[in-house]
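Chemist: Just dropping this structure here.
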Amino acid sequence: MKKKICIGTRGSQLALWQANFIKSEIEHLFPDLIVELKIIKTTGDMITDRPLAMVGGKGLFVKEIETALLNNDIDIAVHSMKDMPGKLPCGLIIGAIPERENPFDVLISKDNSLLTDYKKGAKIGTSSLRRASQIKHIRPDVIIESIRGNLDTRIKKLKAGDYDAIVLAAAGLRRLGQDSAITEYLDETIMIPAVGQGALCIETRDNDDDIAAIMKKLDHRDTRICVTGERAFLKQIEGSCHIPVACFGKIKGHDVLLTAVVASEDGKELIKEHILSPINKVEPSGQALAVKVLEKGGKKILEQLNANDR
């Protein structure tokens with residue numbers, strides 16, 4: 001067993017909370033281990049003035065950290081699972097997925113209004129194509145405006161009157177103790193969350209046996225099952241921040257209910273399908289759900305989105 005391990009993380013307030021949470025969990029389980037953090041600046045942290053879809057999508061927040069992991073500069077990497085692309089670099093694996101925080105999106109309103117309350121032309125801020133397309137499907141009469149920056153920056157922009165409401169992930173607000181700001185939880189009947197939203201990803205090298213022993217203690221069975229199904233859908237459909245896709249898994253007894261969405265950018269077309277999967281077949285079920293969504297009209301939507309990107 002190693003005597004010291006180094007955790008690679010981004011330097012944002014939320015990323016540091018997540019890394020320190022994993023650090024404390026490892027120290028509790030393995031009191032003889034020294035655990036250190038190494039902050040790594042990613043491309044996504046350096047680009048704050050444009051929507052992620054315009055500059056490369058999900059991998060922007062993990063690439064430099066993964067490079068450090070492959071170079072043995074760090075021993076593990078802690079990411080938000082929703083930032084993880086469908087494919088990992090050769091030599092890296094998802095070592096552990098701890099228990100998931102609330103996976104849903106939330107609305108934070110300037111005047112405590114719900115999504116259904118807003119008048120035509122209300123401005124709602126989000127940096128996510130997935131959120132934007134689902135909001136436009138429900139409320140085609142509101143205006144979606146891009147918003148970037150950390151949690152505090154976004155809330156300040158809301159209070160300053162730049163937006164009538166903003167949409168964020170519940171998990172980040174809850175982890176940072178700011179859930180009192182939440183006006184409305186948008187559960188899966190309103191908005192399907194991003195693949196892996198609310199879950200953490202502890203990424204490791206696939207040949208590190210010492211780290212593998214630690215990961216076994218941190219992995220949460222039900223969360224891994226659901227996220228595995230969601231990520232199988234993402235990989236099959238080749239989804240990223242470039243396209244409005246979503247998938248959410250929920251344990252139902254001995255099965256997993258996977259629900260997925262592919263939407264056009266303007267929200268006018270939205271394909272929503274689900275599949276009930278045995279727990280031990282969640283990965284092929286996630287792939288089958290992707291095929292189902294594509295056959296029901298998702299393929300046409302994605303082809304149109306790809307044509308618009310050229």
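In the structure tokens, the first chain shown is A, the next is B, and so on; residue numbers restart at 1 for each chain, and ligands run from 1 in the order shown.
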Compile the contact shell of Val256 of chain A as a PyMOL selection string: residues with an atom at most 9 Å away, counting only C-alpha atoms, same-chain residues fewer than 5 positions apart removed.
Modeler: chain A and resi 225-226+229+249-251+275-279+282
Chemist: Give me a file of those residues, with N, CA and C atoms, as a PDB file, in the first residue's frame.
Modeler:
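The result, stored in result-v5.pdb:
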```
ATOM      1  N   ILE A 225     -24.371   1.502 -10.728  1.00  0.00           N
ATOM      2  CA  ILE A 225     -25.295   0.830 -11.640  1.00  0.00           C
ATOM      3  C   ILE A 225     -26.014   1.851 -12.524  1.00  0.00           C
ATOM      4  N   CYS A 226     -26.582   2.879 -11.885  1.00  0.00           N
ATOM      5  CA  CYS A 226     -27.334   3.890 -12.644  1.00  0.00           C
ATOM      6  C   CYS A 226     -26.430   4.654 -13.605  1.00  0.00           C
ATOM      7  N   GLY A 229     -25.396   2.701 -16.748  1.00  0.00           N
ATOM      8  CA  GLY A 229     -26.440   2.699 -17.775  1.00  0.00           C
ATOM      9  C   GLY A 229     -26.506   4.020 -18.520  1.00  0.00           C
ATOM     10  N   GLY A 249     -30.895   7.366 -14.718  1.00  0.00           N
ATOM     11  CA  GLY A 249     -31.237   6.044 -14.222  1.00  0.00           C
ATOM     12  C   GLY A 249     -31.737   6.087 -12.792  1.00  0.00           C
ATOM     13  N   LYS A 250     -32.741   5.265 -12.518  1.00  0.00           N
ATOM     14  CA  LYS A 250     -33.313   5.184 -11.168  1.00  0.00           C
ATOM     15  C   LYS A 250     -33.567   3.723 -10.822  1.00  0.00           C
ATOM     16  N   ILE A 251     -33.099   3.297  -9.653  1.00  0.00           N
ATOM     17  CA  ILE A 251     -33.323   1.919  -9.205  1.00  0.00           C
ATOM     18  C   ILE A 251     -34.802   1.711  -8.882  1.00  0.00           C
ATOM     19  N   ILE A 275     -36.506   2.737 -20.778  1.00  0.00           N
ATOM     20  CA  ILE A 275     -36.344   1.281 -20.832  1.00  0.00           C
ATOM     21  C   ILE A 275     -36.178   0.777 -19.396  1.00  0.00           C
ATOM     22  N   LEU A 276     -36.843  -0.322 -19.072  1.00  0.00           N
ATOM     23  CA  LEU A 276     -36.686  -0.946 -17.758  1.00  0.00           C
ATOM     24  C   LEU A 276     -35.702  -2.099 -17.901  1.00  0.00           C
ATOM     25  N   SER A 277     -34.602  -1.990 -17.176  1.00  0.00           N
ATOM     26  CA  SER A 277     -33.502  -2.943 -17.355  1.00  0.00           C
ATOM     27  C   SER A 277     -33.238  -3.747 -16.092  1.00  0.00           C
ATOM     28  N   PRO A 278     -32.952  -5.041 -16.233  1.00  0.00           N
ATOM     29  CA  PRO A 278     -32.416  -5.781 -15.072  1.00  0.00           C
ATOM     30  C   PRO A 278     -31.094  -5.145 -14.660  1.00  0.00           C
ATOM     31  N   ILE A 279     -30.799  -5.137 -13.377  1.00  0.00           N
ATOM     32  CA  ILE A 279     -29.594  -4.496 -12.867  1.00  0.00           C
ATOM     33  C   ILE A 279     -28.329  -5.032 -13.534  1.00  0.00           C
ATOM     34  N   VAL A 282     -27.589  -3.478 -17.291  1.00  0.00           N
ATOM     35  CA  VAL A 282     -27.822  -2.042 -17.446  1.00  0.00           C
ATOM     36  C   VAL A 282     -26.988  -1.437 -18.576  1.00  0.00           C
TER      37      VAL A 282
END
```
Chemist: Can you pull out every residue within 8 Å of Ala169 of chain A, counting only C-alpha atoms, but drop anything in the same chain fewer than 3 positions away, and send it as a list in words?
Modeler: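 The residues that qualify are Pro103, Phe104, Asp105, Val106, Gly172, Leu173, Gln197 and Gly198 of chain A.
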Chemist: Report, in Å with one decimal, the straight-line distance from atom CA of Ala170 of chain A to atom CA of Ile93 of chain A.
Modeler: 26.3 Å
Chemist: Among segment 180-279 of chain A, which ones does DSSP assign to strand (DSSP E or B) (computed from the backbone)? Answer as an NGL selection string.
Modeler: :A and (184-186 or 200-205 or 245-252 or 255-263 or 270-278)
Chemist: One decimal, Å: what's the distance from atom CA of Ile237 of chain A over to atom CA of Leu289 of chain A, could you say?
Modeler: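 Atom CA of Leu289 of chain A lies 9.4 Å from atom CA of Ile237 of chain A.
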Chemist: Report as an mmCIF file with N, CA and C atoms, in the first residue's frame: the residues of segment 82-188 of chain A with a DSSP assignment of alpha helix (DSSP H), based on the backbone of this structure.
Modeler:
```cif
data_model
loop_
_atom_site.group_PDB
_atom_site.id
_atom_site.type_symbol
_atom_site.label_atom_id
_atom_site.label_comp_id
_atom_site.auth_asym_id
_atom_site.auth_seq_id
_atom_site.Cartn_x
_atom_site.Cartn_y
_atom_site.Cartn_z
ATOM 1 N N LEU A 129 -26.795 23.397 -23.350
ATOM 2 C CA LEU A 129 -27.735 23.160 -24.446
ATOM 3 C C LEU A 129 -28.839 22.198 -24.020
ATOM 4 N N ARG A 130 -28.470 21.223 -23.197
ATOM 5 C CA ARG A 130 -29.451 20.247 -22.700
ATOM 6 C C ARG A 130 -30.557 20.937 -21.921
ATOM 7 N N ARG A 131 -30.169 21.805 -20.993
ATOM 8 C CA ARG A 131 -31.172 22.532 -20.203
ATOM 9 C C ARG A 131 -31.971 23.480 -21.094
ATOM 10 N N ALA A 132 -31.264 24.205 -21.950
ATOM 11 C CA ALA A 132 -31.919 25.202 -22.799
ATOM 12 C C ALA A 132 -32.988 24.565 -23.686
ATOM 13 N N SER A 133 -32.656 23.447 -24.316
ATOM 14 C CA SER A 133 -33.608 22.823 -25.241
ATOM 15 C C SER A 133 -34.839 22.296 -24.505
ATOM 16 N N GLN A 134 -34.639 21.744 -23.299
ATOM 17 C CA GLN A 134 -35.791 21.223 -22.544
ATOM 18 C C GLN A 134 -36.663 22.347 -22.000
ATOM 19 N N ILE A 135 -36.040 23.469 -21.612
ATOM 20 C CA ILE A 135 -36.826 24.636 -21.177
ATOM 21 C C ILE A 135 -37.632 25.187 -22.351
ATOM 22 N N LYS A 136 -36.986 25.299 -23.515
ATOM 23 C CA LYS A 136 -37.670 25.828 -24.706
ATOM 24 C C LYS A 136 -38.832 24.927 -25.108
ATOM 25 N N HIS A 137 -38.693 23.615 -24.878
ATOM 26 C CA HIS A 137 -39.780 22.688 -25.200
ATOM 27 C C HIS A 137 -40.991 22.944 -24.309
ATOM 28 N N ILE A 138 -40.724 23.211 -23.024
ATOM 29 C CA ILE A 138 -41.805 23.456 -22.055
ATOM 30 C C ILE A 138 -42.333 24.886 -22.184
ATOM 31 N N LEU A 151 -20.488 29.485 -9.258
ATOM 32 C CA LEU A 151 -21.810 29.573 -8.637
ATOM 33 C C LEU A 151 -22.114 30.977 -8.132
ATOM 34 N N ASP A 152 -21.181 31.559 -7.380
ATOM 35 C CA ASP A 152 -21.406 32.897 -6.820
ATOM 36 C C ASP A 152 -21.565 33.936 -7.917
ATOM 37 N N THR A 153 -20.761 33.818 -8.972
ATOM 38 C CA THR A 153 -20.838 34.770 -10.091
ATOM 39 C C THR A 153 -22.213 34.715 -10.742
ATOM 40 N N ARG A 154 -22.722 33.513 -10.948
ATOM 41 C CA ARG A 154 -24.030 33.364 -11.598
ATOM 42 C C ARG A 154 -25.151 33.931 -10.731
ATOM 43 N N ILE A 155 -25.078 33.657 -9.425
ATOM 44 C CA ILE A 155 -26.116 34.172 -8.525
ATOM 45 C C ILE A 155 -26.056 35.694 -8.445
ATOM 46 N N LYS A 156 -24.845 36.267 -8.474
ATOM 47 C CA LYS A 156 -24.703 37.734 -8.480
ATOM 48 C C LYS A 156 -25.323 38.333 -9.729
ATOM 49 N N LYS A 157 -25.116 37.688 -10.876
ATOM 50 C CA LYS A 157 -25.705 38.174 -12.123
ATOM 51 C C LYS A 157 -27.232 38.138 -12.064
ATOM 52 N N LEU A 158 -27.780 37.102 -11.412
ATOM 53 C CA LEU A 158 -29.231 37.005 -11.234
ATOM 54 C C LEU A 158 -29.739 38.149 -10.360
ATOM 55 N N LYS A 159 -29.069 38.365 -9.234
ATOM 56 C CA LYS A 159 -29.490 39.429 -8.301
ATOM 57 C C LYS A 159 -29.348 40.815 -8.908
ATOM 58 N N ALA A 170 -28.619 20.877 -8.806
ATOM 59 C CA ALA A 170 -28.892 20.880 -7.369
ATOM 60 C C ALA A 170 -27.660 20.480 -6.566
ATOM 61 N N ALA A 171 -26.896 19.519 -7.090
ATOM 62 C CA ALA A 171 -25.791 18.930 -6.325
ATOM 63 C C ALA A 171 -24.775 19.970 -5.880
ATOM 64 N N GLY A 172 -24.379 20.861 -6.790
ATOM 65 C CA GLY A 172 -23.383 21.865 -6.447
ATOM 66 C C GLY A 172 -23.860 22.801 -5.348
ATOM 67 N N LEU A 173 -25.109 23.225 -5.445
ATOM 68 C CA LEU A 173 -25.686 24.119 -4.428
ATOM 69 C C LEU A 173 -25.758 23.425 -3.077
ATOM 70 N N ARG A 174 -26.177 22.172 -3.072
ATOM 71 C CA ARG A 174 -26.305 21.432 -1.825
ATOM 72 C C ARG A 174 -24.943 21.166 -1.190
ATOM 73 N N ARG A 175 -23.953 20.822 -2.023
ATOM 74 C CA ARG A 175 -22.611 20.554 -1.495
ATOM 75 C C ARG A 175 -21.979 21.796 -0.891
#
```
Chemist: From the list A:Thr228, A:Gln304, A:Gln18, A:Ser109, which residue is nearest Tyr185 of chain A when using only C-alpha atoms?
Modeler: A:Ser109
Chemist: Neighbouring residues of segment 201-209 of chain A were defined as those with any atom within 7 Å, considering only C-alpha atoms; residues of the same chain fewer than 4 positions away were excluded. Please report them as a ChimeraX atom specification.
Modeler: /A:75-81,91-97,213
Chemist: What is the atom CA of Leu60 of chain A-atom CA of Asp83 of chain A distance in Å, reported with one decimal?
Modeler: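 The value is 8.3 Å.
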Chemist: Counting only C-alpha atoms, what is within 12 Å of Gly121 of chain A, bar same-chain residues fewer than 4 positions away, as a list in words?
Modeler: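 Listed by chain and then number, they are Asp117, Lys136, Arg139, Pro140, Asp141, Val142, Ile143, Ile144, Glu145, Tyr163, Asp164 and Ala165 of chain A.
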Chemist: Between A:Ala212, A:Leu14, A:Ala160, A:Ile108, which has the minimum distance to Asp179 of chain A (counting only C-alpha atoms)?
Modeler: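 Ranking A:Ala212, A:Leu14, A:Ala160, A:Ile108 by distance to Asp179 of chain A, first place goes to A:Ile108.
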Chemist: Ranking A:Glu283, A:Thr259, A:Asp32, A:Ile22 by minimum distance to Lys217 of chain A and counting only C-alpha atoms, which one comes first?
Modeler: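 Ranking A:Glu283, A:Thr259, A:Asp32, A:Ile22 by distance to Lys217 of chain A, first place goes to A:Ile22.
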